[in-house]
Number of protein chains: 2
Amino acid sequence: MEQEVITQRVEALRSWMRVLGISAFIIPSTDPHASEYVPMHWASREWISGFNGSAGTAVVTLHDAALWTDSRYFLAAAEQLQHTPFQLMKERVEGTPNIAQWLCIKLQSGNIVGVDGRVNTICDINNLRELLQTKGIHLNLCSDPMEQLWNTRPSLPKDPIAIQPLKFAGEAFSSKLQRLKQKLLVHGADSMIISALDEIAWFLNLRGSDVHCNPVFVSYCLVSPDKVTLYVDRDKINNDISTYLKNNHVNLQVYEALESDLQHLYNCHILLTPQTNALITEAAAQNNTVIFVSSPVAEMKAIKNSTEIEGFRHAMLRDGVALVKFLRRLDSAVKAGGLTEIGVDRMLTDFRAEDPLFKDISFDTIAGYADHGAIVHYEATPKTDYELQPHGFLLLDSGAQYQDGTTDITRTISLGEPSAEEKHIYTLVLKGHISLSRLKFPRGASGTQLDLSARYAMWQEGYNFGHGTGHGVGSYLNVHEGPHQIRMNWMPAPILEGMTVTDEPGLYLTGRFGVRTENVLLAVPYKKTEFGDFLAFEPLTLCPIDTKPIDLRMLSSEETTWLNNYHSNVCKKLLPLLDNCEDRDWLCEATKPI
Amino acid sequence: MEQEVITQRVEALRSWMRVLGISAFIIPSTDPHASEYVPMHWASREWISGFNGSAGTAVVTLHDAALWTDSRYFLAAAEQLQHTPFQLMKERVEGTPNIAQWLCIKLQSGNIVGVDGRVNTICDINNLRELLQTKGIHLNLCSDPMEQLWNTRPSLPKDPIAIQPLKFAGEAFSSKLQRLKQKLLVHGADSMIISALDEIAWFLNLRGSDVHCNPVFVSYCLVSPDKVTLYVDRDKINNDISTYLKNNHVNLQVYEALESDLQHLYNCHILLTPQTNALITEAAAQNNTVIFVSSPVAEMKAIKNSTEIEGFRHAMLRDGVALVKFLRRLDSAVKAGGLTEIGVDRMLTDFRAEDPLFKDISFDTIAGYADHGAIVHYEATPKTDYELQPHGFLLLDSGAQYQDGTTDITRTISLGEPSAEEKHIYTLVLKGHISLSRLKFPRGASGTQLDLSARYAMWQEGYNFGHGTGHGVGSYLNVHEGPHQIRMNWMPAPILEGMTVTDEPGLYLTGRFGVRTENVLLAVPYKKTEFGDFLAFEPLTLCPIDTKPIDLRMLSSEETTWLNNYHSNVCKKLLPLLDNCEDRDWLCEATKPI
């Protein structure tokens, strides 16, 4: 049934393509703001293919259709694309052509490939154009076909915007603007288009709810030499926000007006990030000089100020309390029977939601029991929902949006007596986690340079994991934020004091079980020597790490000391906040030295 | 006196610039082949500035002059540039402008900067041109001013070329050509200009002696669809070589003819590396399509075949014997008095030169006693030459060119009773060396991803070193070869089985002492698992590592085991080759378990 609908949609797109003389059309997973998660209005790739993962690109030719996604989604995509016209293309698997190579096979010289310039960056378009040219295939910018084809397309969200007060934001908009202007000068720019939604929210000290789990709102912000303009749907602005913007000398324009406003801007030096969409870039370049640099706002946002850091610490205390309450009840709930993966999510979220500053979860909870733990981006559905048994591992990756900070934590919990293999794998992951957490490093090192610390121990035995080791975490903002990341591929952004980053190595034995251990870390000063400024990491997350599945013989004395110190700190910080003596007893037991 | 000569040369260059209407001229340290070390003919930067380091760029304007070099040469350059018109610019030191920034300060809009296109790559020129354009400064390609100004300029070397026999090379030219042609196809190319001298030598199984310590010869090689042409001075070709080339269907042309030959080539798809010089690139692009890719020859050369690997093993045995003979005599020579740094170099080189396959040293020996050990690229001169005393460290970095393999080894030797601090620093370096040597890693990881292993332990205490951790080593070729390197900055080239790479962390306490420990490693298969193909390193270098300065409490049991296993292997391999019983006793003592 659903598969038939997909086939009809693909056919409708092909009819549209034929009218325009296009031989292929590319539908990416993003929106005009290069968001990782998008408002439903822009879920075009899901609409056309039925695949609902956060990353994936659909390509439809007149005779073929294919969808590229990464290893996190191979299993889910294979299932969702079954009996649809879409062939699954496993990214970074040997033998999988990339989109350009596939198009060069499927199309003829002289054919035209269409893309919507509003949801593709100028870099992506230029790269693709160059690759297609080698076979004489052209790339044209088109309008969005879904405007015509997608009858039930959700409209753009109208959700109201809220102020993020100074007591949580820590720096007024006026100060951020002043700092940004200095950074623009360094790049020879006098203007900037901020198009990433979390950057706009951070810059203006505003929050929204347009994207699931991400407190952002759909908008653009143009910083020009003499003014700042927010392009946003007026329905989202109440009187308070309107006054706030007026007081801050921020002009308001409708969301759609940016393109034409840019066409009427002259002789500016506009800083654009390489993630700016092609239509906006072209409009900006019409009568101005465009300077492509990675966003200075992203780096400013990534370096938390002291108020934000205090906020994180407070949020982590309350998140830790919710986690302890949940973990204490988990064992008995499992033994009582009937607790499922979805139940775990509900139970934990309910504890978190007791907090007055709780706004939402920060991403869809991953509660993967047994072999589900080996599916990296598993989300339980009523169809897949396992009942937890008193044996095996539960991998639980979850987080919350509190107004003073965003959390993201993974614990792998042994529900019975762990096997020798489970202990071995669990301890390899823990060694990686500890090694990164203990690492000292020169200020400004990139995440790629640090990544090995989390993998050294597992590599010695031929184990590895396919995802990144760490990402930045927003301050009541997106749970994934850049510009820095800790991962094997090249991430040039430096790690600086005040940045948050997760430490989340894992190991996944397909069809059997998965292990991941994750804390959020804060980069803090360590020491200055004649060899440079060195930074250290301080774990912000406060929650016991299950000690039952540890193979003690595999830990060095430094690693054991780290774990005992971490647990002593967790206990010291959380104990005074627990009023139930059973919770307190559980915490003391869970954090006692090994 | 010397300083006056430099001033006169700079003035002569300025007169030449005035005639051409040029406001600045840039003199890099390289030759038309982007060589790290160059024939004296191209030592223009040394001629104009007096600075003789291997890396550095001189820039002369009508009123100023400056020389950029990296941290290895700060001390030497400061001394050599004293009282010359050149200001020392310390690269990668905060506050140092780069060349473009400095030119933008010193010059006016409309001014012209000149460069010699023959000794600058098209990429460097394009990057610089773009940066200068922001201030309206133009960049022009000029001829080489040294042709007019440098009266005593050495001519191009006429040294004869020799065949590297198949028993050492392991693969015939015809086979290399066939493999290269397949690689060109993958990139959509039918031709290639090989301009790196070591790539040409490897490709044709020929060797030369045009560059100090590098067995290469000045030439270009053009692989076109129907033939292979070597552009080289005819005086370098004797009858044997001429016959060899004829038999291999390699055409001969004079060195200078490549440019005009390219202008008469039509409709080819020519692969060029980004290191090809601008004049050659422009000539190639005139009537052909140019494809810029990193050199497929560099990767082919870096992956040693089994004959080359066997050659390395044999060379390391004989190098190890020479080192043991030297090391055994060092202690008594120091005690006897009168042994200097230059003496150390002579003594070691004499032992190496006893080998019939010894051709040359592979780089200028670094024998740095006491505080000289902290000067990373120290080369003793009669003026600086220290006499070794029975205390402190001797840092000895040396290597040889044998016809079956190139060696590169650093040992730091304690000449007396090491202090606690010396032991501490020595052991930190050793921990880094062992950690990289023990590392297992996914096939194809880049050196940047592996670099941390050598630095983790020292970073924990705020120590670091400013040079790379490892470089490829040629097979009777350049001691520094790419494309892979192990270092903090991004080196995308993958490390594959069969590649050699050095493992040489160090620590340098300015004005006091330096420590470095270096082996050449070979990447070998480790295991294939569901998580990928993993590689390990096998140390090729066979020479005891001084155990006296080790602080045993700082080594983990894995590290101690590694060292004992390494020493047991060194002893097993070298003992049968030593005919002097005192040498044998010394080796047994030096390699006994700790």
# chains A, B, ... in the order shown; residues from 1 in each chain; ligands from 1

call {"tool": "interface_residues", "arguments": {"of": "chain A", "to": "chain B", "cutoff": "9 Å", "atoms": "only C-alpha atoms", "output": "ChimeraX atom specification"}}
result
/A:134,188,438-442,445-446,448-453,455-457,459-466,488-490,492,509,526-534,536,556

call {"tool": "residues_around", "arguments": {"residues": "Val223 in chain A", "least_positions_apart": "5", "cutoff": "7 Å", "atoms": "only C-alpha atoms", "output": "compact mmCIF listing (two decimals) with N, CA, C and O atoms, in the first residue's frame"}}
result
# COMPACT_ATOMS: atom_id res chain seq x y z
N SER A 191 29.54 42.60 6.12
CA SER A 191 28.19 42.05 6.23
C SER A 191 28.28 40.54 6.37
O SER A 191 29.33 39.94 6.09
N MET A 192 27.18 39.95 6.82
CA MET A 192 27.14 38.49 6.88
C MET A 192 25.69 38.03 6.78
O MET A 192 24.79 38.66 7.33
N ILE A 193 25.50 36.92 6.08
CA ILE A 193 24.20 36.25 6.10
C ILE A 193 24.32 35.07 7.05
O ILE A 193 25.12 34.16 6.81
N VAL A 228 20.84 45.26 11.35
CA VAL A 228 20.65 43.80 11.43
C VAL A 228 19.18 43.54 11.12
O VAL A 228 18.30 44.21 11.66
N THR A 229 18.92 42.60 10.21
CA THR A 229 17.54 42.31 9.83
C THR A 229 17.25 40.83 10.03
O THR A 229 18.04 39.97 9.61

call {"tool": "select_by_dssp", "arguments": {"residues": "range 103-255 of chain B", "states": "helix (DSSP H, G or I)", "output": "PyMOL selection string"}}
result
chain B and resi 103-106+117-119+122-133+146-149+166-169+173-186+197-204+234-236+239-247+255

call {"tool": "atom_distance", "arguments": {"atom1": "CA of Asn305 in chain B", "atom2": "CA of Glu504 in chain B"}}
result
23.9 Å

call {"tool": "residues_around", "arguments": {"residues": "Leu128 in chain B", "least_positions_apart": "6", "cutoff": "9 Å", "atoms": "only C-alpha atoms", "output": "PDB file with N, CA, C and O atoms, in the first residue's frame"}}
result
ATOM      1  N   ILE B  99      53.514  35.600   3.962  1.00  0.00           N
ATOM      2  CA  ILE B  99      54.114  36.402   2.892  1.00  0.00           C
ATOM      3  C   ILE B  99      53.087  37.343   2.270  1.00  0.00           C
ATOM      4  O   ILE B  99      53.368  38.525   2.027  1.00  0.00           O
ATOM      5  N   ALA B 100      51.868  36.831   2.034  1.00  0.00           N
ATOM      6  CA  ALA B 100      50.846  37.671   1.403  1.00  0.00           C
ATOM      7  C   ALA B 100      50.494  38.852   2.304  1.00  0.00           C
ATOM      8  O   ALA B 100      50.384  39.990   1.842  1.00  0.00           O
ATOM      9  N   LEU B 139      50.298  39.813  -9.487  1.00  0.00           N
ATOM     10  CA  LEU B 139      51.378  38.826  -9.445  1.00  0.00           C
ATOM     11  C   LEU B 139      51.741  38.464 -10.884  1.00  0.00           C
ATOM     12  O   LEU B 139      50.876  38.031 -11.650  1.00  0.00           O
TER      13      LEU B 139
END

call {"tool": "select_by_dssp", "arguments": {"residues": "range 401-569 of chain A", "states": "strand (DSSP E)", "output": "JSON, numbers by chain"}}
result
{"A": [401, 402, 405, 406, 409, 410, 411, 412, 413, 414, 441, 442, 470, 471, 472, 481, 482, 483, 484, 485, 486, 500, 501, 502, 503, 506, 507, 508, 509, 513, 514, 515, 516, 519, 520, 521, 522, 523, 524, 525, 526, 527, 528, 529, 532, 533, 534, 535, 536, 537, 538, 539]}

call {"tool": "residues_around", "arguments": {"residues": "range 291-304 of chain B", "least_positions_apart": "2", "cutoff": "6 Å", "atoms": "only C-alpha atoms", "output": "PyMOL selection string"}}
result
chain B and resi 270-274+308+498-499

call {"tool": "atom_distance", "arguments": {"atom1": "CA of Gln485 in chain A", "atom2": "CA of His471 in chain A"}}
result
4.6 Å

call {"tool": "residues_around", "arguments": {"residues": "Tyr266 in chain A", "least_positions_apart": "4", "cutoff": "12 Å", "atoms": "only C-alpha atoms", "output": "JSON, numbers by chain"}}
result
{"A": [190, 191, 224, 225, 261, 262, 270, 283, 284, 285, 286, 287, 288, 289, 290]}

call {"tool": "closest_residue", "arguments": {"among": "A:Lys158, A:His424, A:Lys236, A:Arg443", "to": "Lys548 in chain A", "atoms": "only C-alpha atoms"}}
result
A:His424

call {"tool": "residues_around", "arguments": {"residues": "Ile550 in chain B", "least_positions_apart": "2", "cutoff": "10 Å", "atoms": "only C-alpha atoms", "output": "PyMOL selection string"}}
result
chain B and resi 418+420+422-428+430-431+545-548+552-555+594

call {"tool": "atom_distance", "arguments": {"atom1": "CA of Gln178 in chain A", "atom2": "CA of Ile194 in chain A"}}
result
15.1 Å
